[in-house]
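Novice: Pasting a structure here, questions to come.
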Protein chains: 4
Amino acid sequence: MCRWMGWIGQPVLIQELLFDSPHGIVDQSLHARMGAEPTNGDGFGLGWYGAGEGPAVYRSVSPAWSDSNLRELAGHVESHLFLAHVRAAIGSPVQLTNCHPFRHGRWLFVHNGYVGDFHTLRRDLLWAVDPSLFAEIEGTTDTETLFHLALTFGLETDPVGALEAAVGLIEDTARRRGVEDLVQGTFGVTDGATLWTVRYATRGEPRSLYASTEPETIRTLYPDNPRLDRVRHGDRVVVSEPFSDLPGLWREIPPSTAVTVDAAGGFEERPFRPRVPAGVSAATHA
Amino acid sequence: MCRWMGWIGQPVLIQELLFDSPHGIVDQSLHARMGAEPTNGDGFGLGWYGAGEGPAVYRSVSPAWSDSNLRELAGHVESHLFLAHVRAAIGSPVQLTNCHPFRHGRWLFVHNGYVGDFHTLRRDLLWAVDPSLFAEIEGTTDTETLFHLALTFGLETDPVGALEAAVGLIEDTARRRGVEDLVQGTFGVTDGATLWTVRYATRGEPRSLYASTEPETIRTLYPDNPRLDRVRHGDRVVVSEPFSDLPGLWREIPPSTAVTVDAAGGFEERPFRPRVPAGVSAATHA
Amino acid sequence: MCRWMGWIGQPVLIQELLFDSPHGIVDQSLHARMGAEPTNGDGFGLGWYGAGEGPAVYRSVSPAWSDSNLRELAGHVESHLFLAHVRAAIGSPVQLTNCHPFRHGRWLFVHNGYVGDFHTLRRDLLWAVDPSLFAEIEGTTDTETLFHLALTFGLETDPVGALEAAVGLIEDTARRRGVEDLVQGTFGVTDGATLWTVRYATRGEPRSLYASTEPETIRTLYPDNPRLDRVRHGDRVVVSEPFSDLPGLWREIPPSTAVTVDAAGGFEERPFRPRVPAGVSAATHA
Amino acid sequence: MCRWMGWIGQPVLIQELLFDSPHGIVDQSLHARMGAEPTNGDGFGLGWYGAGEGPAVYRSVSPAWSDSNLRELAGHVESHLFLAHVRAAIGSPVQLTNCHPFRHGRWLFVHNGYVGDFHTLRRDLLWAVDPSLFAEIEGTTDTETLFHLALTFGLETDPVGALEAAVGLIEDTARRRGVEDLVQGTFGVTDGATLWTVRYATRGEPRSLYASTEPETIRTLYPDNPRLDRVRHGDRVVVSEPFSDLPGLWREIPPSTAVTVDAAGGFEERPFRPRVPAGVSAATHA
């Protein structure tokens with residue numbers, strides 16, 4: 001399964017969202033409500049932007065709920081943009097190199113869901129990755145391969161378009177290989193300034209994805225909540241399932257939708273339509 | 001919470017009980033049904049008797065469900081008597097030295113439950129441990145301290161009596177310190193030939209504990225089950241919660257009861273009655 | 001053995017001292033030159049002051065040289081004061097709760113060396129720890145016990161005096177127990193503003209300890225070194241063994257000496273003279 | 001670097017060779033003498049044949065010298081044939097899936113050395129692996145790829161021939177890619193009955209490799225050594241560097257040599273001559 005969250009906005013101590021929020025992402029590692037499984041205990045990762053060059057990535061194979069180092073970091077690192085991910089492994093080993101977020105230069109990537117029958121498709125898909133990117137693939141997840149396909153198809157220029165191409169190629173490859181259960185999930189990708197998220201499934205209902213509503217609305221709804229009073233214009237949380245049960249705080253991202261969020265308060269939805277990239281093919285196409 | 005199991009009987013590949021049994025102990029690490037929490041993902045341990053001197057103990061801070069080494073061991077080690085334990089930590093760190101089973105010479109010890117407000121009592125109780133045993137305490141759990149108290153009070157001569165003394169001392173110390181929530185749980189202790197188990201709570205319903213019924217009964221109930229057909233006289237499983245839902249396979253151990261099981265098919269119940277050991281006191285008594 | 005370092009001065013990316021310095025502390029985890037053993041691969045810890053409340057502590061049981069998370073943190077966290085420690089375990093388990101620095105409130109503590117025959121003394125010494133501090137002892141090292149003895153004797157008011165009392169009590173207890181090899185090592189303790197360090201051995205040569213010389217001297221000695229040109233008044237490194245081989249950069253701390261370093265450039269040496277604290281005794285004294 | 005050892009002969013408690021032998025393989029994890037680096041602390045693995053189906057593999061990312069579970073296993077598992085490997089990572093992550101031995105069905109494989117500039121060659125070489133074997137590649141080491149190339153070229157039928165083909169293909173691919181530093185090292189491969197070992201380098205002196213001499217010779221040389229007196233006909237150790245300094249116990253395997261060892265006392269040397277397999281090519285050949 002997996003659960004993930006992204007924060008974009010004013011710099012905050014990471015623990016405010018990871019630990020201090022009711023039903024935050026660390027609580028979801030043990031007690032997720034909206035997925036097939038309540039437990040996401042097969043490692044986790046936290047990627048953030050702040051001091052130093054590019055994003056930092058802290059990953060662990062321990063469950064997030066018991067990792068004492070995560071509490072230390074979250075309590076002592078501030079960031080204006082970070083992604084956190086708790087993993088429920090399906091098939092691939094529990095190891096750091098299979099923990100999200102994945103990184104390329106300034107970019108971070110997380111995923112909740114799966115590529116159907118990835119074992120069958122992996123070789124074909126890896127072959128479609130740009131050879132210059134191939135060497136940086138360190139793990140064995142579907143997500144890391146999908147990320148490198150998207151990088152191959154121009155993620156750094158057009159993130160949503162590149163994800164449409166990557167998913168399109170995977171769907172096409174799957175069909176050629178006779179794989180029925182194709183692509184499922186939600187994606188989050190960022191360059192440290194903008195956060196792009198996608199909710200999509202080839203068939204059926206995609207995994208859940210929510211974004212917090214406008215800070216102005218939140219403060220109007222809950223004028224006496226001191227915690228929510230600190231929310232500022234431009235602050236936004238995107239998350240697999242809502243943190244709290246307060247009505248009006250969350251909007252569901254519709255299926256087959258990409259959302260672009262920036263720190264100036266921008267929030268833009270557009271359709272997400274996978275397509276096979278022109279002139280590109282996985283090995284099996286030959 | 002925690003869940004544990006013990007096997008005594010014919011030598012078996014450990015995986016038959018850990019992985020191949022429906023709702024076995026590894027499944028209970030992720031999906032326990034009878035406890036307060038379904039998840040027991042804060043490490044585990046496996047202690048077995050076989051080749052070499054005394055029992056072996058393999059422990060890990062990983063959840064049992066994802067530990068590849070546990071699958072390897074379970075699939076390649078045979079034993080006539082072993083204890084397995086999956087942990088849900090309450091307060092003390094997730095580290096090997098806090099994983100059950102605990103060992104002293106030929107003896108192994110597991111526990112499901114807790115000593116109420118152990119942080120308050122720890123110093124007093126440690127002080128009551130025989131100084132010659134003190135140096136071998138490596139972790140910080142209530143269980144390890146309780147085990148060493150029982151060793152202090154003669155576990156190697158009279159296991160049930162020593163546990164009654166240890167629990168009695170803890171209850172007495174707790175009362176003197178004003179701690180209300182005293183001792184809760186089930187215990188398993190073995191010397192490699194006999195398995196003693198206890199189900200007890202100072203107050204209220206103790207944690208669940210079950211034993212498999214006589215092999216002869218099992219085969220009569222399920223004459224056509226090839227798996228159960230292999231059960232022999234003297235085989236016995238004791239477990240926090242039953243593996244399968246087949247009616248008639250399991251008997252519940254009553255509260256305040258100690259059970260002695262041996263490999264010759266012996267199965268003896270007796271009352272478990274904690275008492276303060278004569279002439280012994282924890283530090284606070286002085 | 002162990003090696004440690006402390007930085008006090010202008011805020012720096014931690015990696016500049018951990019990874020970018022020639023023969024920095026991470027290199028010393030694999031290739032220490034001045035100790036009995038070149039390898040300090042039994043875990044490590046990093047404690048720093050910066051964002052959030054009090055110091056953060058990141059610890060790992062992996063060797064420092066291969067821990068990818070340490071590289072991430074070091075490359076993305078800035079601090080004006082931090083302590084790093086690489087461990088060579090002697091007897092006690094390799095686990096987080098045995099990794100330095102140890103923490104109490106705003107205080108951090110590191111140690112290189114040992115308490116002789118600690119297994120024999122541990123129970124006596126633990127008994128001398130203030131009962132209100134006892135519950136926070138989570139590991140089994142001599143260092144953690146020594147730290148809590150010093151806290152018992154007033155570390156937060158008079159760090160050097162409290163360490164003299166703690167070491168004095170240990171030496172006295174050791175003699176009463178017939179232990180010959182007493183206290184050996186170097187200590188570092190800080191409250192986030194001042195760094196106190198000690199070099200001491202009951203007998204013989206203590207472990208090595210060095211401090212960097214005045215920034216003004218450094219820049220005069222090496223006017224053309226761009227790296228050293230960034231050093232400012234008030235910057236100071238204390239370390240078990242010098243980072244680089246450049247002559248004139250390091251001064252050896254003499255044996256039986258305590259040094260007080262602050263961020264204003266203060267550097268004060270005084271004798272370190274252990275003494276049994278008046279009216280206090282370990283259990284064996286009774 | 002890495003160090004490895006293999007045992008074939010009478011069933012022994014594994015600890016006799018791992019821990020009880022002077023300068024055994026675990027000691028070599030901390031104090032190797034014949035390699036470029038004394039430390040092999042980046043994880044280890046132990047593969048053995050005994051109870052259960054096929055070989056068991058226990059791997060850990062901890063240094064072998066401090067892994068308490070390894071001591072437990074070694075002290076309680078007997079085997080007539082096992083391989084142990086201590087790792088010094090060069091480039092690829094410290095994770096279980098990069099620890100030797102690698103396994104395929106009944107087969108185990110270990111390697112000490114490297115494929116030069118593997119990052120450059122990895123994609124080409126993976127492409128030459130039989131697609132039906134590709135999905136079982138879980139890590140990122142040169143060794144695992146080399147093993148799967150050898151499986152592709154018939155390792156299960158002709159182990160030495162398949163290794164010659166795999167190394168031949170790698171050398172050819174390297175040359176086509178302009179890589180100068182080609183293949184270096186020693187290999188060990190077994191099916192549980194026979195142990196094949198190879199010592200080879202494309203250029204220069206290969207890594208060291210030794211085999212114990214005939215048991216009859218050993219007992220004649222050291223008639224009064226009780227430890228060596230237990231050695232029986234058919235017992236053989238192959239190891240990267242000799243365990244002890246006793247003269248006459250070890251014979252060096254010559255460069256460019258493959259040795260076949262079996263439990264009946266067979267010991268056969270033959271030249272090892274890599275060749276490009278006919279009709280097979282890595283991707284770059286096209």
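Residues are named by chain letter and number: chains run A, B, ... in the order of the structure tokens, numbers start at 1 in each chain, and ligands are numbered from 1 in the order shown.
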Using only C-alpha atoms and a distance of at most 6 Å, pull out the residues of chain A that contact chain C, as a list in words.
Specialist: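 Applying the cut-off to the listed atoms yields Ala51, Gly52, Ala56, Tyr58, Asn69, Glu72, Gly75, His76 and Val77 of chain A.
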Novice: Got a sec to tell me which of segment 57-264 of chain D DSSP assigns to alpha helix (DSSP H), as a PyMOL selection string?
Specialist: chain D and resi 68-76+118-128+131-134+142-152+159-176+215-221+226-229
Novice: Mind pulling up the distance from atom CA of Pro11 of chain A to atom CA of Ala264 of chain A?
Specialist: 13.4 Å
Novice: Write out as a ChimeraX atom specification which residues come within 12 Å of segment 216-226 of chain B when counting only C-alpha atoms, dropping same-chain ones fewer than 3 positions away.
Specialist: /B:212-213,229-236,246-251,265
Novice: Keeping only all heavy atoms, write the selected residues as a short mmCIF file (atom, residue, chain, number, x, y, z; two decimals), in the first residue's frame.
Specialist:
data_model
loop_
_atom_site.label_atom_id
_atom_site.label_comp_id
_atom_site.auth_asym_id
_atom_site.auth_seq_id
_atom_site.Cartn_x
_atom_site.Cartn_y
_atom_site.Cartn_z
N SER B 212 -2.58 -26.67 22.44
CA SER B 212 -3.21 -27.63 21.53
C SER B 212 -3.67 -28.84 22.33
O SER B 212 -3.09 -29.19 23.36
CB SER B 212 -2.23 -28.04 20.44
OG SER B 212 -1.07 -28.60 21.02
N THR B 213 -4.72 -29.48 21.86
CA THR B 213 -5.23 -30.66 22.57
C THR B 213 -4.37 -31.88 22.24
O THR B 213 -3.42 -31.80 21.46
CB THR B 213 -6.69 -30.93 22.18
OG1 THR B 213 -6.77 -30.95 20.76
CG2 THR B 213 -7.60 -29.86 22.75
N ASP B 229 -2.35 -35.07 10.43
CA ASP B 229 -2.07 -36.50 10.54
C ASP B 229 -0.64 -36.76 11.00
O ASP B 229 -0.33 -37.83 11.52
CB ASP B 229 -2.32 -37.16 9.18
CG ASP B 229 -2.17 -38.66 9.26
OD1 ASP B 229 -2.81 -39.26 10.16
OD2 ASP B 229 -1.40 -39.23 8.47
N ARG B 230 0.21 -35.79 10.80
CA ARG B 230 1.62 -35.98 11.18
C ARG B 230 1.86 -35.75 12.66
O ARG B 230 2.95 -36.00 13.16
CB ARG B 230 2.49 -35.04 10.36
CG ARG B 230 2.44 -35.35 8.86
CD ARG B 230 2.98 -34.20 8.04
NE ARG B 230 4.28 -33.80 8.55
CZ ARG B 230 4.82 -32.60 8.34
NH1 ARG B 230 4.15 -31.70 7.63
NH2 ARG B 230 5.99 -32.31 8.83
N VAL B 231 0.86 -35.23 13.36
CA VAL B 231 1.02 -34.96 14.79
C VAL B 231 1.19 -36.28 15.54
O VAL B 231 0.51 -37.26 15.27
CB VAL B 231 -0.21 -34.18 15.31
CG1 VAL B 231 -0.07 -33.92 16.80
CG2 VAL B 231 -0.38 -32.88 14.54
N ARG B 232 2.11 -36.29 16.50
CA ARG B 232 2.42 -37.51 17.25
C ARG B 232 2.17 -37.30 18.74
O ARG B 232 2.16 -36.16 19.21
CB ARG B 232 3.92 -37.87 17.08
CG ARG B 232 4.32 -38.30 15.69
CD ARG B 232 3.82 -39.73 15.39
NE ARG B 232 3.89 -39.97 13.94
CZ ARG B 232 2.86 -39.75 13.10
NH1 ARG B 232 1.70 -39.29 13.54
NH2 ARG B 232 2.99 -39.99 11.81
N HIS B 233 2.03 -38.38 19.46
CA HIS B 233 1.92 -38.33 20.92
C HIS B 233 3.11 -37.54 21.49
O HIS B 233 4.25 -37.80 21.13
CB HIS B 233 1.91 -39.75 21.50
CG HIS B 233 1.81 -39.76 22.99
ND1 HIS B 233 0.64 -39.46 23.68
CD2 HIS B 233 2.74 -40.02 23.95
CE1 HIS B 233 0.86 -39.54 24.97
NE2 HIS B 233 2.12 -39.88 25.17
N GLY B 234 2.82 -36.61 22.34
CA GLY B 234 3.89 -35.79 22.91
C GLY B 234 4.08 -34.46 22.23
O GLY B 234 4.78 -33.59 22.73
N ASP B 235 3.46 -34.27 21.08
CA ASP B 235 3.55 -32.97 20.39
C ASP B 235 2.59 -31.98 21.04
O ASP B 235 1.42 -32.31 21.29
CB ASP B 235 3.17 -33.10 18.91
CG ASP B 235 4.21 -33.87 18.10
OD1 ASP B 235 5.28 -34.18 18.66
OD2 ASP B 235 3.93 -34.18 16.93
N ARG B 236 3.05 -30.79 21.25
CA ARG B 236 2.17 -29.79 21.87
C ARG B 236 2.60 -28.39 21.45
O ARG B 236 3.79 -28.08 21.41
CB ARG B 236 2.27 -29.90 23.39
CG ARG B 236 1.31 -29.03 24.16
CD ARG B 236 -0.05 -29.69 24.37
NE ARG B 236 0.05 -30.91 25.15
CZ ARG B 236 -0.99 -31.63 25.59
NH1 ARG B 236 -2.23 -31.24 25.30
NH2 ARG B 236 -0.79 -32.73 26.26
N LEU B 246 -9.97 -24.20 13.39
CA LEU B 246 -10.58 -25.52 13.44
C LEU B 246 -11.09 -25.81 14.86
O LEU B 246 -10.31 -25.78 15.81
CB LEU B 246 -9.56 -26.58 13.03
CG LEU B 246 -9.01 -26.44 11.60
CD1 LEU B 246 -8.00 -27.56 11.32
CD2 LEU B 246 -10.14 -26.48 10.58
N PRO B 247 -12.36 -26.11 15.03
CA PRO B 247 -12.91 -26.35 16.37
C PRO B 247 -12.29 -27.59 17.00
O PRO B 247 -12.02 -28.57 16.32
CB PRO B 247 -14.42 -26.56 16.11
CG PRO B 247 -14.68 -26.10 14.73
CD PRO B 247 -13.39 -26.19 13.98
N GLY B 248 -12.07 -27.51 18.28
CA GLY B 248 -11.61 -28.67 19.02
C GLY B 248 -10.11 -28.82 19.10
O GLY B 248 -9.59 -29.66 19.82
N LEU B 249 -9.38 -28.00 18.37
CA LEU B 249 -7.91 -28.14 18.37
C LEU B 249 -7.27 -27.48 19.59
O LEU B 249 -6.14 -27.83 19.95
CB LEU B 249 -7.31 -27.51 17.12
CG LEU B 249 -7.50 -28.23 15.79
CD1 LEU B 249 -6.54 -27.67 14.76
CD2 LEU B 249 -7.25 -29.73 15.97
N TRP B 250 -7.94 -26.52 20.19
CA TRP B 250 -7.28 -25.71 21.21
C TRP B 250 -8.06 -25.69 22.51
O TRP B 250 -9.28 -25.64 22.51
CB TRP B 250 -7.13 -24.27 20.70
CG TRP B 250 -6.35 -24.19 19.43
CD1 TRP B 250 -6.85 -24.20 18.17
CD2 TRP B 250 -4.93 -24.15 19.31
NE1 TRP B 250 -5.83 -24.15 17.25
CE2 TRP B 250 -4.63 -24.12 17.93
CE3 TRP B 250 -3.87 -24.14 20.23
CZ2 TRP B 250 -3.33 -24.08 17.44
CZ3 TRP B 250 -2.58 -24.09 19.75
CH2 TRP B 250 -2.31 -24.07 18.38
N ARG B 251 -7.34 -25.72 23.60
CA ARG B 251 -7.98 -25.50 24.89
C ARG B 251 -7.41 -24.23 25.52
O ARG B 251 -6.21 -23.97 25.46
CB ARG B 251 -7.75 -26.69 25.82
CG ARG B 251 -6.32 -26.84 26.27
CD ARG B 251 -6.20 -27.74 27.49
NE ARG B 251 -6.18 -29.15 27.10
CZ ARG B 251 -6.00 -30.14 27.95
NH1 ARG B 251 -5.88 -29.90 29.24
NH2 ARG B 251 -5.94 -31.39 27.53
N GLY B 265 4.23 -36.19 26.65
CA GLY B 265 2.78 -36.02 26.56
C GLY B 265 2.18 -35.49 27.85
O GLY B 265 0.97 -35.29 27.95
#
Novice: Please identify the strand (DSSP E or B) residues within segment 153-227 of chain B (assignment by DSSP from backbone atoms) and present them as a ChimeraX atom specification.
Specialist: /B:183-190,194-201,210-212
Novice: List the neighbours of Asp172 of chain A out to 7 Å using only C-alpha atoms; skip same-chain residues closer than 4 positions along the sequence, and give me the result as a list in words.
Specialist: Gly168, Arg176 and Val276 of chain A
Novice: What is the atom CA of Leu182 of chain D-atom CA of Leu125 of chain D distance in Å, reported with one decimal?
Specialist: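 Answer for the atom CA of Leu182 of chain D to atom CA of Leu125 of chain D separation: 13.3 Å.
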Novice: Find the residues around segment 198-201 of chain C up to 6 Å (only C-alpha atoms counted), leave out those fewer than 4 positions away in its own chain, and share them as an NGL selection string.
Specialist: :C and (183-187 or 206 or 255-258)
Novice: May I ask which of the residues D:Asp158, D:Asp124, D:Glu136, D:Val110 is the closest one to Gly91 of chain A, counting only C-alpha atoms?
Specialist: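 Counting only C-alpha atoms, the residue closest to Gly91 of chain A is D:Glu136.
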Novice: In Å, rounded to a single decimal, give me how far atom CA of Arg3 of chain C is from atom CA of Asn112 of chain C.
Specialist: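 These two atoms are separated by 6.1 Å.
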Novice: For Gly116 of chain B, which residue out of B:His23, B:Arg227, B:Arg33, B:Arg175 is the nearest one, using only C-alpha atoms?
Specialist: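 Looking only at the distances to Gly116 of chain B, the closest residue turns out to be B:Arg175.
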Novice: Excluding Asp262 of chain D and any residue of its chain fewer than 6 positions from it, enumerate the residues within 8 Å of it, using only C-alpha atoms, and give them as a VMD selection string.
Specialist: chain D and resid 8 193 to 195 234
Novice: Output C-alpha atoms for every residue in the selection just made, as an mmCIF file, in the first residue's frame.
Specialist:
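Writing the result to part_20.cif gives the following:
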data_model
loop_
_atom_site.group_PDB
_atom_site.id
_atom_site.type_symbol
_atom_site.label_atom_id
_atom_site.label_comp_id
_atom_site.auth_asym_id
_atom_site.auth_seq_id
_atom_site.Cartn_x
_atom_site.Cartn_y
_atom_site.Cartn_z
ATOM 1 C CA ILE D 8 33.608 -29.188 2.711
ATOM 2 C CA ALA D 193 28.212 -31.615 -3.024
ATOM 3 C CA THR D 194 31.194 -30.171 -4.893
ATOM 4 C CA LEU D 195 33.029 -26.888 -4.438
ATOM 5 C CA GLY D 234 37.757 -35.439 2.676
#
